[in-house]
$ cat entry-v6.cif   # mmCIF, C-alpha atoms (C1' of nucleotides) and all ligand atoms
data_run
#
loop_
_atom_site.label_atom_id
_atom_site.label_comp_id
_atom_site.auth_asym_id
_atom_site.auth_seq_id
_atom_site.Cartn_x
_atom_site.Cartn_y
_atom_site.Cartn_z
CA MET Q 408 45.45 34.05 17.97
CA THR Q 409 43.86 30.77 18.94
CA LYS Q 410 40.82 29.52 17.04
CA THR Q 411 37.47 30.42 18.53
CA THR Q 412 36.16 27.01 17.44
CA SER Q 413 32.72 28.68 17.05
CA SER Q 414 30.81 26.68 19.69
CA ILE Q 415 30.73 23.11 18.19
CA ARG Q 416 27.22 21.92 17.52
CA SER Q 417 28.05 18.41 16.35
CA GLY Q 418 25.08 17.07 18.30
CA ALA Q 419 22.57 18.17 15.68
CA PHE Q 420 24.58 16.61 12.86
CA LYS Q 421 24.98 13.37 14.76
CA ALA Q 422 21.25 13.25 15.41
CA THR Q 423 20.50 13.87 11.75
CA ARG Q 424 22.75 10.98 10.72
CA LYS Q 425 21.01 8.71 13.19
CA THR Q 426 17.64 9.77 11.80
CA HIS Q 427 18.78 8.96 8.29
CA SER Q 428 19.81 5.48 9.35
CA ASN Q 429 16.21 4.92 10.43
CA GLU Q 430 14.51 6.38 7.38
CA SER Q 431 14.13 3.14 5.47
CA ALA Q 432 12.38 1.55 8.40
CA GLU Q 433 9.94 4.45 8.52
CA ASP Q 434 9.18 4.66 4.81
CA TYR Q 435 9.03 0.91 4.26
CA THR Q 436 6.76 0.14 7.20
CA GLU Q 437 4.42 2.98 6.33
CA LEU Q 438 4.29 1.86 2.70
CA VAL Q 439 3.80 -1.80 3.55
CA ALA Q 440 0.94 -0.88 5.86
CA ASP Q 441 -0.65 1.16 3.07
CA LEU Q 442 -0.29 -1.66 0.57
CA ILE Q 443 -1.83 -4.19 2.93
CA GLU Q 444 -4.74 -1.87 3.54
CA ALA Q 445 -5.21 -1.12 -0.17
CA ASN Q 446 -4.48 -4.53 -1.73
CA GLY Q 447 -4.87 -7.01 1.11
CA GLU Q 448 -1.17 -7.82 0.91
CA ALA Q 449 2.23 -6.25 0.32
CA ARG Q 450 4.62 -7.75 -2.25
CA THR Q 451 8.21 -6.84 -2.88
CA VAL Q 452 7.68 -5.65 -6.48
CA GLU Q 453 4.91 -3.39 -5.38
CA VAL Q 454 7.07 -1.85 -2.67
CA ALA Q 455 9.79 -1.32 -5.27
CA ARG Q 456 7.35 0.29 -7.70
CA HIS Q 457 6.05 2.72 -5.12
CA LEU Q 458 9.52 3.68 -3.94
CA GLY Q 459 10.78 3.99 -7.50
CA ILE Q 460 13.68 1.56 -7.01
CA SER Q 461 14.63 -1.83 -8.39
CA HIS Q 462 13.01 -4.90 -6.86
CA VAL Q 463 16.47 -6.13 -5.83
CA THR Q 464 17.14 -3.13 -3.63
CA ALA Q 465 13.67 -3.46 -2.08
CA LEU Q 466 14.23 -7.17 -1.46
CA ARG Q 467 17.52 -6.62 0.30
CA THR Q 468 16.23 -3.78 2.47
CA ILE Q 469 13.10 -5.70 3.43
CA ARG Q 470 15.34 -8.55 4.49
CA ARG Q 471 17.38 -6.22 6.68
CA LEU Q 472 14.26 -4.77 8.24
CA GLN Q 473 13.03 -8.29 8.89
CA ASN Q 474 16.26 -9.02 10.75
CA GLU Q 475 15.68 -5.85 12.73
CA GLY Q 476 12.21 -7.02 13.70
CA PHE Q 477 9.90 -4.82 11.63
CA PHE Q 478 8.69 -7.41 9.12
CA GLU Q 479 7.93 -11.08 8.95
CA THR Q 480 8.12 -12.80 5.61
CA ALA Q 481 9.23 -16.02 3.94
CA LYS Q 482 10.47 -16.90 0.46
CA HIS Q 483 7.88 -16.10 -2.18
CA LYS Q 484 5.42 -14.95 0.44
CA PRO Q 485 3.92 -11.53 1.13
CA ILE Q 486 5.33 -9.15 3.72
CA TYR Q 487 3.72 -8.87 7.14
CA LEU Q 488 4.30 -6.24 9.79
CA THR Q 489 5.32 -7.31 13.27
CA ALA Q 490 3.83 -5.49 16.26
CA LYS Q 491 6.93 -3.31 16.25
CA GLY Q 492 6.46 -2.62 12.52
CA LYS Q 493 2.78 -1.80 12.94
CA LYS Q 494 3.51 0.60 15.73
CA LEU Q 495 6.16 2.43 13.70
CA ALA Q 496 3.92 2.54 10.61
CA ALA Q 497 1.02 3.99 12.57
CA TYR Q 498 3.18 6.67 14.14
CA CYS Q 499 4.73 7.60 10.79
CA LYS Q 500 1.42 7.72 8.98
CA GLU Q 501 -0.07 10.02 11.56
CA ARG Q 502 2.99 12.26 11.53
CA HIS Q 503 2.99 12.32 7.74
CA GLN Q 504 -0.65 13.41 7.75
CA THR Q 505 -0.08 16.17 10.26
CA ILE Q 506 2.78 17.59 8.25
CA LEU Q 507 0.78 17.53 5.03
CA GLN Q 508 -2.05 19.25 6.82
CA PHE Q 509 0.27 21.94 8.06
CA LEU Q 510 1.86 22.53 4.66
CA ASN Q 511 -1.60 22.73 3.20
CA LEU Q 512 -2.61 25.26 5.82
CA ILE Q 513 0.21 27.65 5.02
CA GLY Q 514 -0.53 27.42 1.30
CA VAL Q 515 2.10 25.12 -0.16
CA PRO Q 516 0.94 23.68 -3.52
CA GLU Q 517 -0.28 20.08 -3.25
CA LYS Q 518 2.43 18.39 -5.33
CA VAL Q 519 5.23 20.28 -3.62
CA ALA Q 520 3.74 19.58 -0.21
CA GLU Q 521 3.76 15.86 -0.93
CA VAL Q 522 7.44 15.88 -1.86
CA ASP Q 523 8.49 18.05 1.09
CA ALA Q 524 6.46 16.00 3.56
CA GLU Q 525 8.04 12.76 2.39
CA GLY Q 526 11.51 14.10 3.18
CA VAL Q 527 10.81 16.32 6.17
CA GLU Q 528 8.75 13.87 8.20
CA HIS Q 529 11.71 11.82 9.44
CA HIS Q 530 13.33 14.85 11.01
CA ILE Q 531 10.28 16.05 12.94
CA SER Q 532 10.70 15.29 16.64
CA LYS Q 533 7.83 14.48 18.97
CA GLU Q 534 8.15 17.96 20.43
CA THR Q 535 7.91 19.66 17.07
CA LEU Q 536 5.05 17.41 16.04
CA ARG Q 537 3.13 18.39 19.14
CA ALA Q 538 3.88 22.06 18.54
CA LEU Q 539 2.73 21.72 14.94
CA LYS Q 540 -0.56 20.19 15.99
CA GLU Q 541 -1.20 22.87 18.57
CA HIS Q 542 -0.33 25.51 16.03
CA ILE Q 543 -2.71 24.02 13.48
CA SER Q 544 -5.65 24.09 15.85
CA LYS Q 545 -4.80 27.55 17.09
CA PHE Q 546 -4.39 28.91 13.60
CA ALA Q 547 -7.42 27.18 12.10
CA GLU Q 548 -9.79 28.87 14.57
CA MET J 1378 -9.14 -9.37 -7.96
CA THR J 1379 -6.43 -7.27 -9.56
CA LYS J 1380 -4.21 -5.11 -7.37
CA THR J 1381 -5.37 -1.52 -7.01
CA THR J 1382 -1.70 -0.43 -6.99
CA SER J 1383 -2.78 2.46 -4.72
CA SER J 1384 -1.79 5.38 -6.96
CA ILE J 1385 2.08 5.11 -7.07
CA ARG J 1386 3.74 8.20 -5.61
CA SER J 1387 7.32 7.24 -6.32
CA GLY J 1388 8.07 10.84 -7.33
CA ALA J 1389 8.29 12.04 -3.74
CA PHE J 1390 10.63 9.22 -2.74
CA LYS J 1391 12.85 9.84 -5.75
CA ALA J 1392 13.01 13.54 -4.90
CA THR J 1393 13.92 12.75 -1.30
CA ARG J 1394 16.80 10.53 -2.42
CA LYS J 1395 18.05 13.25 -4.71
CA THR J 1396 17.89 15.74 -1.84
CA HIS J 1397 19.91 13.40 0.35
CA SER J 1398 22.61 13.14 -2.29
CA ASN J 1399 22.99 16.91 -2.01
CA GLU J 1400 22.98 17.17 1.77
CA SER J 1401 26.72 17.04 2.27
CA ALA J 1402 27.21 19.91 -0.16
CA GLU J 1403 24.70 21.97 1.81
CA ASP J 1404 25.98 21.21 5.30
CA TYR J 1405 29.66 21.43 4.38
CA THR J 1406 29.44 24.72 2.48
CA GLU J 1407 27.35 26.32 5.22
CA LEU J 1408 29.78 25.11 7.88
CA VAL J 1409 32.87 26.17 5.94
CA ALA J 1410 31.39 29.63 5.45
CA ASP J 1411 30.70 29.83 9.20
CA LEU J 1412 34.23 28.76 10.07
CA ILE J 1413 35.78 31.29 7.71
CA GLU J 1414 33.65 34.01 9.23
CA ALA J 1415 34.44 32.97 12.79
CA ASN J 1416 38.10 31.95 12.50
CA GLY J 1417 39.33 33.58 9.34
CA GLU J 1418 39.84 30.19 7.72
CA ALA J 1419 38.35 26.71 7.53
CA ARG J 1420 40.50 23.64 8.18
CA THR J 1421 39.60 19.99 7.71
CA VAL J 1422 39.94 19.00 11.36
CA GLU J 1423 37.67 21.82 12.38
CA VAL J 1424 35.03 20.75 9.87
CA ALA J 1425 35.32 17.21 11.21
CA ARG J 1426 34.98 18.38 14.81
CA HIS J 1427 31.86 20.39 14.10
CA LEU J 1428 30.22 17.60 12.13
CA GLY J 1429 31.20 15.04 14.76
CA ILE J 1430 32.98 12.75 12.29
CA SER J 1431 36.56 11.59 11.78
CA HIS J 1432 38.91 13.91 9.93
CA VAL J 1433 39.37 11.23 7.27
CA THR J 1434 35.72 11.25 6.31
CA ALA J 1435 35.71 15.04 6.21
CA LEU J 1436 38.83 15.06 4.07
CA ARG J 1437 37.37 12.69 1.51
CA THR J 1438 34.05 14.49 1.29
CA ILE J 1439 35.71 17.88 0.96
CA ARG J 1440 37.74 16.43 -1.90
CA ARG J 1441 34.58 15.23 -3.63
CA LEU J 1442 32.91 18.60 -3.16
CA GLN J 1443 36.00 20.25 -4.58
CA ASN J 1444 35.69 18.07 -7.69
CA GLU J 1445 32.05 19.13 -7.89
CA GLY J 1446 33.05 22.78 -7.83
CA PHE J 1447 32.02 23.92 -4.34
CA PHE J 1448 35.46 24.26 -2.79
CA GLU J 1449 38.99 25.16 -3.74
CA THR J 1450 41.84 23.82 -1.68
CA ALA J 1451 45.34 22.38 -1.96
CA LYS J 1452 47.37 19.98 0.14
CA HIS J 1453 47.89 21.28 3.67
CA LYS J 1454 46.04 24.47 2.84
CA PRO J 1455 42.75 25.86 4.17
CA ILE J 1456 39.44 25.38 2.37
CA TYR J 1457 38.01 28.18 0.24
CA LEU J 1458 34.51 28.46 -1.19
CA THR J 1459 34.07 28.96 -4.91
CA ALA J 1460 31.37 31.34 -6.14
CA LYS J 1461 29.11 28.32 -6.50
CA GLY J 1462 29.95 27.26 -2.94
CA LYS J 1463 29.35 30.74 -1.53
CA LYS J 1464 26.00 30.96 -3.23
CA LEU J 1465 24.88 27.61 -1.85
CA ALA J 1466 26.15 28.46 1.64
CA ALA J 1467 24.30 31.77 1.69
CA TYR J 1468 21.06 30.18 0.56
CA CYS J 1469 21.35 27.38 3.12
CA LYS J 1470 22.22 29.72 5.96
CA GLU J 1471 19.24 31.91 5.28
CA ARG J 1472 16.92 28.91 4.99
CA HIS J 1473 18.35 27.42 8.19
CA GLN J 1474 17.63 30.68 10.02
CA THR J 1475 14.08 30.93 8.74
CA ILE J 1476 13.31 27.40 9.87
CA LEU J 1477 14.78 28.00 13.32
CA GLN J 1478 12.74 31.17 13.58
CA PHE J 1479 9.59 29.29 12.70
CA LEU J 1480 10.23 26.47 15.16
CA ASN J 1481 10.88 29.08 17.80
CA LEU J 1482 7.63 30.82 16.95
CA ILE J 1483 5.52 27.71 17.47
CA GLY J 1484 7.24 27.00 20.77
CA VAL J 1485 9.69 24.18 20.11
CA PRO J 1486 12.41 24.07 22.80
CA GLU J 1487 15.72 25.56 21.65
CA LYS J 1488 17.84 22.38 21.70
CA VAL J 1489 15.21 20.33 19.92
CA ALA J 1490 14.67 23.08 17.37
CA GLU J 1491 18.36 23.08 16.52
CA VAL J 1492 18.37 19.34 15.89
CA ASP J 1493 15.18 19.34 13.85
CA ALA J 1494 16.28 22.32 11.77
CA GLU J 1495 19.56 20.62 10.89
CA GLY J 1496 17.73 17.69 9.36
CA VAL J 1497 14.60 19.32 8.03
CA GLU J 1498 16.26 22.20 6.17
CA HIS J 1499 17.41 20.11 3.21
CA HIS J 1500 13.89 19.00 2.42
CA ILE J 1501 12.30 22.45 2.44
CA SER J 1502 11.52 23.55 -1.12
CA LYS J 1503 11.61 27.15 -2.27
CA GLU J 1504 7.81 27.17 -2.25
CA THR J 1505 7.58 25.93 1.32
CA LEU J 1506 10.29 28.34 2.40
CA ARG J 1507 8.34 31.24 0.92
CA ALA J 1508 5.14 30.01 2.58
CA LEU J 1509 6.94 29.71 5.90
CA LYS J 1510 8.22 33.25 5.69
CA GLU J 1511 4.80 34.63 4.83
CA HIS J 1512 3.29 32.64 7.65
CA ILE J 1513 5.85 33.96 10.11
CA SER J 1514 5.12 37.59 9.28
CA LYS J 1515 1.38 36.99 9.26
CA PHE J 1516 1.47 35.17 12.57
CA ALA J 1517 3.87 37.54 14.31
CA GLU J 1518 1.57 40.53 13.81
"C1'" DT L 1480 -2.80 -28.44 -18.14
"C1'" DC L 1481 0.80 -26.04 -19.47
"C1'" DA L 1482 3.19 -22.06 -21.65
"C1'" DG L 1483 4.26 -17.47 -20.96
"C1'" DA L 1484 4.15 -13.66 -17.69
"C1'" DA L 1485 5.11 -11.99 -13.29
"C1'" DA L 1486 7.43 -12.27 -9.13
"C1'" DT L 1487 11.26 -13.61 -6.52
"C1'" DG L 1488 15.97 -14.55 -5.75
"C1'" DT L 1489 21.29 -14.56 -6.60
"C1'" DA L 1490 25.68 -12.67 -8.21
"C1'" DG L 1491 28.33 -9.02 -8.78
"C1'" DC L 1492 29.31 -4.18 -9.37
"C1'" DA L 1493 29.31 1.00 -7.95
"C1'" DT L 1494 29.08 5.06 -4.81
"C1'" DG L 1495 28.93 7.61 -0.47
"C1'" DT L 1496 30.07 7.80 4.07
"C1'" DG L 1497 31.51 5.99 8.48
"C1'" DC L 1498 35.76 3.98 11.00
"C1'" DT L 1499 40.92 2.83 12.83
"C1'" DA L 1500 45.80 2.50 12.18
"C1'" DC L 1501 49.67 4.45 10.66
"C1'" DA L 1502 52.77 7.83 7.93
"C1'" DT L 1503 54.06 12.39 6.80
"C1'" DT L 1504 54.00 17.29 6.97
"C1'" DT L 1505 53.38 21.68 9.23
"C1'" DA L 1506 53.10 24.57 13.22
"C1'" DC L 1507 54.24 25.88 17.81
"C1'" DT L 1508 56.98 26.40 21.84
"C1'" DG L 1509 60.65 26.27 25.07
"C1'" DC E 1269 66.29 25.41 16.24
"C1'" DA E 1270 65.06 21.14 18.00
"C1'" DG E 1271 61.47 18.42 19.63
"C1'" DT E 1272 56.67 17.72 20.24
"C1'" DA E 1273 51.94 18.49 19.08
"C1'" DA E 1274 48.61 19.16 15.62
"C1'" DA E 1275 47.07 18.70 11.13
"C1'" DT E 1276 46.94 16.31 6.95
"C1'" DG E 1277 47.13 12.35 4.16
"C1'" DT E 1278 47.02 7.14 2.79
"C1'" DA E 1279 45.50 2.36 3.17
"C1'" DG E 1280 42.10 -0.56 3.99
"C1'" DC E 1281 37.99 -2.03 6.17
"C1'" DA E 1282 32.53 -1.95 6.90
"C1'" DC E 1283 27.72 -1.00 5.73
"C1'" DA E 1284 23.53 0.77 3.25
"C1'" DT E 1285 21.62 1.41 -0.91
"C1'" DG E 1286 21.53 1.97 -5.83
"C1'" DC E 1287 22.03 -0.82 -10.36
"C1'" DT E 1288 21.93 -4.78 -14.33
"C1'" DA E 1289 22.03 -9.48 -15.80
"C1'" DC E 1290 20.48 -13.77 -15.25
"C1'" DA E 1291 18.18 -17.94 -12.84
"C1'" DT E 1292 14.31 -19.89 -10.63
"C1'" DT E 1293 9.70 -20.13 -8.83
"C1'" DT E 1294 4.91 -19.08 -8.83
"C1'" DC E 1295 0.72 -17.54 -10.88
"C1'" DT E 1296 -2.66 -17.26 -14.50
"C1'" DG E 1297 -5.40 -17.68 -18.50
"C1'" DA E 1298 -6.36 -19.96 -22.89
MN MN I 1 9.50 9.68 3.91
MN MN I 2 5.84 9.11 4.56
MN MN I 3 21.67 20.08 7.80
MN MN I 4 22.45 23.70 8.39
#

$ encode --input "entry-v6.cif" --output "structure tokens"
Amino acid sequence: MTKTTSSIRSGAFKATRKTHSNESAEDYTELVADLIEANGEARTVEVARHLGISHVTALRTIRRLQNEGFFETAKHKPIYLTAKGKKLAAYCKERHQTILQFLNLIGVPEKVAEVDAEGVEHHISKETLRALKEHISKFAE
Amino acid sequence: MTKTTSSIRSGAFKATRKTHSNESAEDYTELVADLIEANGEARTVEVARHLGISHVTALRTIRRLQNEGFFETAKHKPIYLTAKGKKLAAYCKERHQTILQFLNLIGVPEKVAEVDAEGVEHHISKETLRALKEHISKFAE
DNA sequence: TCAGAAATGTAGCATGTGCTACATTTACTG
DNA sequence: CAGTAAATGTAGCACATGCTACATTTCTGA
């Protein structure tokens, strides 16, 4: 008997891996935008503190994201968002909010909702985001 | 002016990183269980094909998961799930299904739903899963 | 102003996961 | 049962992200 090879759905796994490779960009830009709004500027140590990682890891990742065009920064200077970075941050922040709102709506405890939203957000496509929004308004009638 | 340090929510980021470190275990055990059900056995190449990665990467990861007690296997032999592995696979499969069902309910297109579910699932806590189920039954009245 | 604190940066290490190239073993098929 | 195809395994590379230890620069307050 030859193997049925049960369909092969590698596409979803490939997409998930691609999403993961973009997660830092999403979390870092969103966080940097928040810090700038809250403190007037974003500094590496502060990014590290909020992410719960060492300042060295934050430094290196910020440098990579600068090379990829999300940040602008110089030695011993604060971190600025490029237009590309601002756009990504704004999209992520809005998406993050929508997800939190949804989790809230269906009765997930606040603390848990915050954790789940932080992980889930990166995997929510534009289509699902739209569906979530529509569902929220429909359900909150 | 001293920095406001805008709350510090590093807990959610830490939890997300921990979740990621467990993702392979979840996807691999679920997939291996599926393959055993569909084909009678699970082989490394087949796992690799379904995940869309090289057989070498699959081999190495399966070995790690064996050391962590999810699989049992020997050279040139198929992959078996331990009790621990079976338990994880069953939980993940059920959760995966629930999420797909929910995405379907709110009108996300099939293909997109499959991709989103594959990524999102790992970040859905027991609390959110329960809330999702309740919401599904409430909404599908 | 200037000494100590805070921030930034470098060096070097680890782990997980991705790859190709090549070797060996097992399975299938004529 | 021999020869080929498929599966498995090894070696060795890359990259992202985590860490500590230590060096240097900048900021700050007495
Ligand atoms: Mn996040
Ligand atoms: Mn976020
Ligand atoms: Mn998955
Ligand atoms: Mn899954």

$ atom_distance --input "entry-v6.cif" --atom1 "C1' of DT1285 (chain E)" --atom2 "CA of Glu1491 (chain J)"
28.0 Å

$ calpha_fit_and_write --input "entry-v6.cif" --fixed "chain Q" --moving "chain J" --output "short mmCIF file (atom, residue, chain, number, x, y, z; two decimals) with C-alpha atoms, in the frame of the given file"
data_model
loop_
_atom_site.label_atom_id
_atom_site.label_comp_id
_atom_site.auth_asym_id
_atom_site.auth_seq_id
_atom_site.Cartn_x
_atom_site.Cartn_y
_atom_site.Cartn_z
CA MET J 1378 45.34 34.17 17.69
CA THR J 1379 43.80 30.90 18.80
CA LYS J 1380 40.79 29.54 16.94
CA THR J 1381 37.44 30.47 18.47
CA THR J 1382 36.13 27.02 17.46
CA SER J 1383 32.69 28.67 17.09
CA SER J 1384 30.78 26.66 19.71
CA ILE J 1385 30.74 23.09 18.20
CA ARG J 1386 27.20 21.89 17.53
CA SER J 1387 28.06 18.40 16.38
CA GLY J 1388 25.07 17.04 18.32
CA ALA J 1389 22.57 18.13 15.69
CA PHE J 1390 24.58 16.59 12.86
CA LYS J 1391 24.98 13.33 14.77
CA ALA J 1392 21.24 13.23 15.42
CA THR J 1393 20.51 13.85 11.75
CA ARG J 1394 22.74 10.94 10.72
CA LYS J 1395 21.01 8.69 13.21
CA THR J 1396 17.63 9.76 11.82
CA HIS J 1397 18.77 8.93 8.31
CA SER J 1398 19.80 5.45 9.38
CA ASN J 1399 16.19 4.92 10.45
CA GLU J 1400 14.50 6.37 7.39
CA SER J 1401 14.11 3.13 5.47
CA ALA J 1402 12.37 1.52 8.43
CA GLU J 1403 9.93 4.43 8.54
CA ASP J 1404 9.18 4.66 4.83
CA TYR J 1405 9.02 0.91 4.26
CA THR J 1406 6.74 0.12 7.21
CA GLU J 1407 4.40 2.98 6.34
CA LEU J 1408 4.28 1.87 2.70
CA VAL J 1409 3.79 -1.80 3.55
CA ALA J 1410 0.92 -0.90 5.86
CA ASP J 1411 -0.64 1.17 3.06
CA LEU J 1412 -0.29 -1.66 0.56
CA ILE J 1413 -1.84 -4.19 2.91
CA GLU J 1414 -4.75 -1.86 3.51
CA ALA J 1415 -5.22 -1.12 -0.18
CA ASN J 1416 -4.48 -4.52 -1.74
CA GLY J 1417 -4.87 -7.00 1.06
CA GLU J 1418 -1.17 -7.83 0.92
CA ALA J 1419 2.22 -6.27 0.31
CA ARG J 1420 4.62 -7.75 -2.25
CA THR J 1421 8.23 -6.82 -2.91
CA VAL J 1422 7.71 -5.65 -6.49
CA GLU J 1423 4.91 -3.39 -5.38
CA VAL J 1424 7.08 -1.85 -2.67
CA ALA J 1425 9.80 -1.32 -5.27
CA ARG J 1426 7.37 0.29 -7.71
CA HIS J 1427 6.06 2.73 -5.13
CA LEU J 1428 9.52 3.69 -3.92
CA GLY J 1429 10.78 4.01 -7.49
CA ILE J 1430 13.68 1.59 -6.99
CA SER J 1431 14.64 -1.81 -8.39
CA HIS J 1432 13.02 -4.86 -6.85
CA VAL J 1433 16.47 -6.10 -5.83
CA THR J 1434 17.13 -3.12 -3.61
CA ALA J 1435 13.68 -3.45 -2.07
CA LEU J 1436 14.22 -7.14 -1.47
CA ARG J 1437 17.51 -6.61 0.33
CA THR J 1438 16.22 -3.78 2.49
CA ILE J 1439 13.09 -5.70 3.43
CA ARG J 1440 15.35 -8.56 4.49
CA ARG J 1441 17.38 -6.23 6.69
CA LEU J 1442 14.24 -4.78 8.24
CA GLN J 1443 13.01 -8.29 8.88
CA ASN J 1444 16.24 -9.04 10.76
CA GLU J 1445 15.65 -5.86 12.74
CA GLY J 1446 12.18 -7.04 13.71
CA PHE J 1447 9.88 -4.83 11.62
CA PHE J 1448 8.68 -7.41 9.13
CA GLU J 1449 7.92 -11.10 8.91
CA THR J 1450 8.13 -12.81 5.57
CA ALA J 1451 9.26 -16.03 3.90
CA LYS J 1452 10.49 -16.89 0.43
CA HIS J 1453 7.90 -16.11 -2.23
CA LYS J 1454 5.44 -14.97 0.41
CA PRO J 1455 3.93 -11.54 1.10
CA ILE J 1456 5.34 -9.16 3.70
CA TYR J 1457 3.70 -8.89 7.12
CA LEU J 1458 4.29 -6.25 9.77
CA THR J 1459 5.29 -7.32 13.26
CA ALA J 1460 3.81 -5.50 16.24
CA LYS J 1461 6.91 -3.33 16.25
CA GLY J 1462 6.45 -2.64 12.54
CA LYS J 1463 2.76 -1.82 12.93
CA LYS J 1464 3.49 0.59 15.73
CA LEU J 1465 6.13 2.41 13.71
CA ALA J 1466 3.90 2.53 10.62
CA ALA J 1467 1.00 3.99 12.57
CA TYR J 1468 3.17 6.65 14.16
CA CYS J 1469 4.73 7.60 10.82
CA LYS J 1470 1.42 7.71 9.00
CA GLU J 1471 -0.08 10.02 11.57
CA ARG J 1472 2.98 12.27 11.55
CA HIS J 1473 3.00 12.31 7.74
CA GLN J 1474 -0.64 13.43 7.74
CA THR J 1475 -0.08 16.17 10.28
CA ILE J 1476 2.80 17.59 8.27
CA LEU J 1477 0.80 17.53 5.04
CA GLN J 1478 -2.05 19.26 6.83
CA PHE J 1479 0.29 21.96 8.06
CA LEU J 1480 1.88 22.54 4.66
CA ASN J 1481 -1.59 22.76 3.20
CA LEU J 1482 -2.59 25.29 5.84
CA ILE J 1483 0.25 27.67 5.02
CA GLY J 1484 -0.51 27.42 1.32
CA VAL J 1485 2.13 25.13 -0.16
CA PRO J 1486 0.97 23.68 -3.51
CA GLU J 1487 -0.24 20.08 -3.25
CA LYS J 1488 2.49 18.40 -5.33
CA VAL J 1489 5.28 20.28 -3.62
CA ALA J 1490 3.77 19.58 -0.21
CA GLU J 1491 3.79 15.86 -0.92
CA VAL J 1492 7.47 15.90 -1.84
CA ASP J 1493 8.52 18.04 1.10
CA ALA J 1494 6.49 15.99 3.57
CA GLU J 1495 8.11 12.77 2.39
CA GLY J 1496 11.55 14.09 3.25
CA VAL J 1497 10.83 16.32 6.20
CA GLU J 1498 8.75 13.85 8.23
CA HIS J 1499 11.71 11.81 9.46
CA HIS J 1500 13.33 14.83 11.05
CA ILE J 1501 10.29 16.03 12.98
CA SER J 1502 10.71 15.28 16.69
CA LYS J 1503 7.83 14.48 19.00
CA GLU J 1504 8.13 17.97 20.46
CA THR J 1505 7.92 19.66 17.08
CA LEU J 1506 5.06 17.40 16.06
CA ARG J 1507 3.12 18.40 19.17
CA ALA J 1508 3.89 22.08 18.53
CA LEU J 1509 2.74 21.73 14.94
CA LYS J 1510 -0.55 20.20 15.99
CA GLU J 1511 -1.20 22.90 18.56
CA HIS J 1512 -0.32 25.53 16.01
CA ILE J 1513 -2.70 24.03 13.47
CA SER J 1514 -5.66 24.10 15.85
CA LYS J 1515 -4.78 27.57 17.08
CA PHE J 1516 -4.39 28.91 13.56
CA ALA J 1517 -7.44 27.20 12.09
CA GLU J 1518 -9.80 28.89 14.55
#

$ closest_residue --input "entry-v6.cif" --among "L:DT1503, L:DT1489, L:DT1494, L:DT1508" --to "chain Q" --atoms "only C-alpha atoms (C1' of nucleotides)"
L:DT1489

$ closest_residue --input "entry-v6.cif" --among "E:DT1276, E:DC1287, E:DC1281, E:DC1269" --to "chain Q" --atoms "all atoms listed in the file"
E:DC1287

$ interface_residues --input "entry-v6.cif" --of "chain L" --to "chain Q" --cutoff "10 Å" --atoms "all atoms listed in the file" --output "short mmCIF file (atom, residue, chain, number, x, y, z; two decimals) with C-alpha atoms (C1' of nucleotides), in the frame of the given file"
data_model
loop_
_atom_site.label_atom_id
_atom_site.label_comp_id
_atom_site.auth_asym_id
_atom_site.auth_seq_id
_atom_site.Cartn_x
_atom_site.Cartn_y
_atom_site.Cartn_z
"C1'" DA L 1485 5.11 -11.99 -13.29
"C1'" DA L 1486 7.43 -12.27 -9.13
"C1'" DT L 1487 11.26 -13.61 -6.52
"C1'" DG L 1488 15.97 -14.55 -5.75
"C1'" DT L 1489 21.29 -14.56 -6.60
#

$ residues_around --input "entry-v6.cif" --residues "region 1500-1502 of chain L" --least-positions-apart "3" --cutoff "10 Å" --atoms "all atoms listed in the file" --output "count of residues only"
4

$ residues_near_ligand --input "entry-v6.cif" --ligand "ligand MN 3 (chain I)" --cutoff "8 Å" --atoms "all atoms listed in the file" --output "JSON, numbers by chain"
{"Q": [420, 423], "J": [1400, 1403, 1404, 1494, 1495, 1496, 1497, 1498, 1499]}

$ interface_residues --input "entry-v6.cif" --of "chain Q" --to "chain E" --cutoff "8 Å" --atoms "only C-alpha atoms (C1' of nucleotides)" --output "PyMOL selection string"
chain Q and resi 460-461+464+483

$ atom_distance --input "entry-v6.cif" --atom1 "CA of His1500 (chain J)" --atom2 "CA of Asp523 (chain Q)"
5.6 Å

$ closest_atom_pairs --input "entry-v6.cif" --of "chain Q" --to "chain J" --cutoff "7 Å" --atoms "all atoms listed in the file" --output "Markdown table"
| residue | atom | partner | partner_atom | distance |
| --- | --- | --- | --- | --- |
| Q:Lys410 | CA | J:Asn1416 | CA | 5.8 |
| Q:Thr411 | CA | J:Asn1416 | CA | 6.3 |
| Q:Ser413 | CA | J:Ala1415 | CA | 6.3 |
| Q:Ile415 | CA | J:His1427 | CA | 5.0 |
| Q:Arg416 | CA | J:His1427 | CA | 6.0 |
| Q:Ser417 | CA | J:Leu1428 | CA | 4.8 |
| Q:Ala419 | CA | J:Val1492 | CA | 4.4 |
| Q:Phe420 | CA | J:Leu1428 | CA | 5.8 |
| Q:Lys421 | CA | J:Gly1429 | CA | 6.4 |
| Q:Ala422 | CA | J:Val1492 | CA | 6.8 |
| Q:Thr423 | CA | J:Gly1496 | CA | 5.3 |
| Q:Ala445 | CA | J:Ser1383 | CA | 6.3 |
| Q:Asn446 | CA | J:Lys1380 | CA | 5.7 |
| Q:His457 | CA | J:Ser1387 | CA | 4.8 |
| Q:Leu458 | CA | J:Ser1387 | CA | 4.8 |
| Q:Gly459 | CA | J:Ser1387 | CA | 4.9 |
| Q:Ile513 | CA | J:Ala1508 | CA | 6.0 |
| Q:Gly514 | CA | J:Ala1508 | CA | 6.4 |
| Q:Val515 | CA | J:Thr1505 | CA | 5.7 |
| Q:Glu521 | CA | J:Ala1389 | CA | 6.6 |
| Q:Val522 | CA | J:Ala1389 | CA | 4.4 |
| Q:Asp523 | CA | J:His1500 | CA | 5.6 |
| Q:Glu525 | CA | J:Ala1389 | CA | 6.2 |
| Q:Gly526 | CA | J:Thr1393 | CA | 5.3 |
| Q:Val527 | CA | J:Val1497 | CA | 5.2 |
| Q:His530 | CA | J:Gly1496 | CA | 5.5 |
| Q:Ile531 | CA | J:Asp1493 | CA | 6.0 |
| Q:Ser532 | CA | J:Asp1493 | CA | 6.7 |
| Q:Glu534 | CA | J:Val1485 | CA | 6.4 |
| Q:Thr535 | CA | J:Val1485 | CA | 5.7 |
| Q:Ala538 | CA | J:Ile1483 | CA | 6.0 |
| Q:His542 | CA | J:Ile1483 | CA | 6.4 |
